[in-house]
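Heads up, the thing below is written out as structure tokens.
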Amino acid sequence: MIYDIFTAIILISAIVIAIIMIYKSFKAKKNKGKDCHDNCNCK
Amino acid sequence: MILSELQVNDQAIIVKIKGRGAFRKRITEMGFVKGKKVKVIKRAPLKDPVIYEIMGYEVSLRNSEASLIEVITELEVIKNTENTESKNLVNEEFLLQKATEKGKTINVALVGNPNCGKTTLFNHASGSQEHVGNYSGVTVDAKSAKFKHKGYTINIVDLPGTYSLSAYSPEELYVRNYIFSEFPDIVINVIDSSNIERNLYLTTQLIDMDIKAVIALNMFDELEKKGDKFDFEKFGKMVGFPVAPTVSSRGRGIHYLMDKVIELYEDNDPYYRHIHINYGNNIEERIKIIQEKIKQNISLTDKFSSRFLAIKLLEKDKNVNELIQVCENKSEILNTVYKSIEILEKSLKEDSETLVTDAKYGFIAGALKETYKDSPNLILKNSSKKIDSFLTHKLLGFPLFILIMWIMFQATFTLGKYPMGWIDNLVNLLGNWVNNNLAASSFKDLLIDGVIHGVGGVIVFLPNILILFLFISLMEDTGYLARAAFIVDKLMHKIGLHGKSFIPLIMGFGCNVPAIMSTRTIESRNDRILTILINPFMSCSARLPVYILIIGAVFPNHSGNILFSIYIFGIIIAALMAILFKKTLFKAKDIPFVMELPPYRMPTIKNTTKHMWSKATQYLKKMSGVILIAAIIVWALGYFPRETNYTKDYNNIKNSLKNELITQNSTTANIISINEKIREVNNSMKAEHLENSYIGRIGKFIEPVMSPLGFDWRMSVSLAAGITGKEIVVSTLGVLFQAEGSPGLNNQTLIYKLKNTTKNSTSKEKLFNPLTALSYLVFVLIYFPCIAAIAAVKKETGTWKWAAFTVFYTTALAWILAFLVQIIGKLFL
């Protein structure tokens with residue numbers, strides 16, 4: 001019984017972490033990525 | 001007159017916009033262009049900023065910005081007109097005419113090394129008689145002259161000769177201050193053609209300053225006499241400055257030079273563009289951080305490029321240091337600079353000034369390598385050149401490059417085998433220990449089948465990845481990677497890419513995510529996106545375990561060749577896709593870029609180990625993160641639901657077999673045979689359970705799409721799981737094809753299982769036949785790069801469009817090619 005609880009806790013944590021990971025990887029910062037002229041840091 | 005001098009309600013016509021490229025571009029975009037009427041609407045209470053009316057709308061400009069816009073007013077024209085009749089005729093049209101005339105005055109400054117012939121050029125161009133001599137330092141202050149050329153009035157200023165624009169000598173400071181305070185419309189950078197490399201150092205500083213310049217290749221006849229060849233047009237395209245060869249002592253080329261000056265002034269020059277010299281990752285990162293701090297002072301960045309200031313601060317330029325004193329956040333800027341210098345000097349073991357200088361010479365060497373050909377009687381001057389003459393040799397260069405690549409891959413696989421075995425044994429030991437010390441439960445199954453099998457199956461490949469990165473790091477630190485890019489440049493051009501794209505592609509063999517991120521060094525957006533799009537076809541290290549596993553199971557006798565072919569196939573597909581994309585999506589013309597050739601350096605143990613350590617931690621983090629989570633989820637999907645309606649009463653069959661074992665007069669042969677039967681029953685039971693589990697149902701759902709490729713539901717599930725990371729394919733196969741009764745599944749048993757698994761329980765046809773295995777390998781190579789790579793594509797291209805495109809086109813292409821493998825393969829097998 002106690003082992004099943006462990007398994008359940010691990011599984012739920014894994015699912016929650018997976019959702020957070022996917023969310024985080026898609027929420028990457030924007031980089032306009034234009035040509036040097038347009039995206040020139042010297043501006 | 002300048003715009004900031006106008007009073008409220010004053011009107012004027014814009015004559016010219018001064019200042020550096022980026023500033024001019026921004027102001028022009030706002031509507032402040034030559035010949036347009038501008039009116040002062042009102043000033044802010046503190047007199048700054050000011051609202052102007054231009055082209056029918058109101059724009060606010062700060063005084064610092066307005067001071068860089070030259071205008072002409074009615075009053076000014078009347079004052080300067082002697083003829084009274086003309087005075088009465090001053091209307092808008094007349095004003096515009098005067099503005100156009102005034103706009104045809106070009107202020108030109110001559111800069112260059114001492115004794116490069118500036119004054120001779122100045123004399124010839126303007127008809128002056130300034131003193132010249134064949135030794136440096138003849139010009140000690142600025143001399144100016146005025147002359148007409150093709151309807152333009154050219155005010156030319158001859159500045160003292162300087163080797164650089166640092167603040168070391170009064171001349172250098174004088175020239176720099178002149179450029180920044182007088183804002184000449186065009187700078188003519190006079191270069192001594194007999195000593196181009198050294199002379200170009202000053203050019204690199206002009207590039208950093210973001211100003212309009214024309215390069216005068218003076219004493220060009222001496223270069224020709226030496227028998228050297230210089231493709232100066234290509235060079236001009238690369239550095240973004242137009243180039244004109246001149247022999248000023250005979251007046252040759254000066255006319256053409258002035259034509260170029262006018263073209264550039266009128267923004268009609270096709271070559272002019274602002275480029276960034278790439279100072280290497282470490283320095284670029286620090287430049288960016290310092291720039292961010294400097295950019296908070298807009299009045300300063302209107303006049304000076306924040307990048308130039310950041311570079312100068314890293315070079316410990318005292319004068320720029322003083323310039324920063326006016327900034328509100330000066331202490332913040334300076335602290336960042338000191339910290340950056342400390343970090344750079346500590347990590348690269350060089351003075352920060354030397355580092356910047358080295359990078360500039362690397363840029364020059366790269367630009368000249370592609371455009372300059374020494375005459376055959378060249379005497380090798382320094383060790384870098386000596387090594388280069390061998391490593392980038394016309395005939396030897398390419399075979400040497402292939403050899404080095406071959407050694408790299410060979411070492412990755414052969415040397416990696418030993419530590420791989422050790423880790424594998426450790427994983428097995430751990431599996432056995434858990435099996436013997438935990439009571440049967442779902443938790444035990446999770447630990448052994450999910451965590452240990454899943455993660456263990458992937459962690460064994462850590463040594464291979466470290467060896468690969470050891471080689472990449474050594475190539476990078478010694479400067480060979482830059483040469484490799486140079487060697488393959490021609491080949492890359494054939495597929496529509498540039499040599500610079502080669503480094504991200506090579507890095508793709510390690511991991512596509514940093515490889516995609518490293519495309520930032522490619523200046524052209526088109527080339528950058530193209531490199532990003534084909535990068536997933538470079539077999540990343542995560543795919544290596546899949547290849548090794550499948551090849552080991554199906555092609556044990558040709559493993560090396562098949563593995564090599566898979567990598568080559570990926571490269572060929574990348575090349576074909578690049579050609580296709582270049583002809584369809586990215587038709588824009590190629591812009592040449594300089595490939596820096598940094599001097600050869602001895603790699604330091606510290607740097608190399610740091611590099612490898614960072615890769616190892618990255619990989620281990622992935623293990624403890626995404627792969628562990630994925631392995632647990634895949635295990636759970638295969639483990640639940642626990643209730644299965646079996647087609648046979650397996651427990652009953654097992655019990656009767658066990659009874660047979662007890663009751664029969666067992667010979668050893670009998671015991672083995674009954675145990676084998678029990679094992680088979682267990683396997684069938686497990687297989688049936690898996691088939692009915694959630695993962696089985698998912699697999700069955702996608703199976704119809706994958707079955708034309710010869711894939712069953714388990715193979716389909718492993719591929720679906722692989723979108724989180726290609727290592728997951730192996731761990732999923734490990735969980736799905738788990739070997740009954742062998743705690744701590746190792747790769748050998750998994751290979752055995754893959755080799756012997758049949759398509760279904762009734763068929764004897766092997767699931768992984770050579771054709772299906774090849775289809776599977778091709779599919780793994782080409783389909784959906786992992787989620788992290790897709791996120792990197794989105795981040796670097798700045799849009800979801802390319803990320804989504806990558807997902808669909810790679811997966812569709814993978815399916816088509818895997819299908820073709822099946823169809824074509826069947827014709828031969």
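Here, A, B, ... name the chains of the structure tokens in the order displayed, residue numbers run from 1 inside each chain, and ligands are numbered from 1 in the same displayed order.
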
Give the residues of chain B that lie within 7 Å of chain A; count only C-alpha atoms, and format the answer as a JSON list (two decimals) with C-alpha atoms, in the first residue's frame.
[["chain", "number", "residue", "atom", "x", "y", "z"],
["B", 22, "ALA", "CA", 21.89, 53.67, -37.43],
["B", 23, "PHE", "CA", 20.94, 57.17, -36.29],
["B", 274, "HIS", "CA", 26.84, 48.28, -41.62],
["B", 275, "ILE", "CA", 28.40, 45.04, -40.50],
["B", 305, "SER", "CA", 27.53, 53.70, -31.50],
["B", 306, "SER", "CA", 26.91, 51.90, -28.20],
["B", 307, "ARG", "CA", 28.75, 48.91, -29.66],
["B", 441, "SER", "CA", 5.04, -3.72, -5.87],
["B", 442, "SER", "CA", 4.20, -1.10, -8.44],
["B", 443, "PHE", "CA", 6.94, 1.06, -6.90],
["B", 523, "GLU", "CA", 24.51, 38.06, -40.44],
["B", 524, "SER", "CA", 22.03, 37.39, -43.23],
["B", 525, "ARG", "CA", 18.58, 36.52, -41.95],
["B", 629, "ILE", "CA", 10.08, 12.38, -16.41],
["B", 633, "ILE", "CA", 5.34, 8.65, -17.92],
["B", 788, "ALA", "CA", 13.71, 21.88, -27.18],
["B", 791, "ALA", "CA", 11.55, 26.04, -29.07],
["B", 795, "LYS", "CA", 13.35, 31.75, -30.34],
["B", 796, "GLU", "CA", 15.94, 32.36, -33.03],
["B", 797, "THR", "CA", 13.58, 33.09, -35.91],
["B", 798, "GLY", "CA", 11.29, 35.13, -33.68]]

### Query
Any idea what's packed within 7 Å of Ile333 in chain B, counting only C-alpha atoms, ignoring anything in its chain fewer than 2 positions away? Could you give it as a PyMOL selection string?
chain B and resi 290+293-294+329-331+335-337

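Reported to one decimal place, the separation of CA of Tyr361 in chain B from CA of His493 in chain B is 24.4 Å.
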
### Surrounding residues of Arg286 in chain B excluding itself and chain neighbours under 5 positions, 9 Å, only C-alpha atoms, as a list in words
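Neighbouring residues, sequence-local ones excluded: Asn281, Gln291, Ala310, Leu314, Thr336, Val337, Ser340, Ile341, Ile343 and Leu344 of chain B.
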
Let's have the selection written as a PDB file, in the first residue's frame, with C-alpha atoms.
ATOM      1  CA  ASN B 281      31.234  34.358 -28.135  1.00  0.00           C
ATOM      2  CA  GLN B 291      25.808  47.991 -24.548  1.00  0.00           C
ATOM      3  CA  ALA B 310      31.421  49.062 -25.378  1.00  0.00           C
ATOM      4  CA  LEU B 314      36.715  46.721 -23.008  1.00  0.00           C
ATOM      5  CA  THR B 336      30.002  46.183 -15.669  1.00  0.00           C
ATOM      6  CA  VAL B 337      33.073  47.011 -17.744  1.00  0.00           C
ATOM      7  CA  SER B 340      33.602  42.032 -17.913  1.00  0.00           C
ATOM      8  CA  ILE B 341      37.328  42.708 -18.315  1.00  0.00           C
ATOM      9  CA  ILE B 343      35.900  37.702 -16.558  1.00  0.00           C
ATOM     10  CA  LEU B 344      37.435  37.862 -20.037  1.00  0.00           C
TER      11      LEU B 344
END
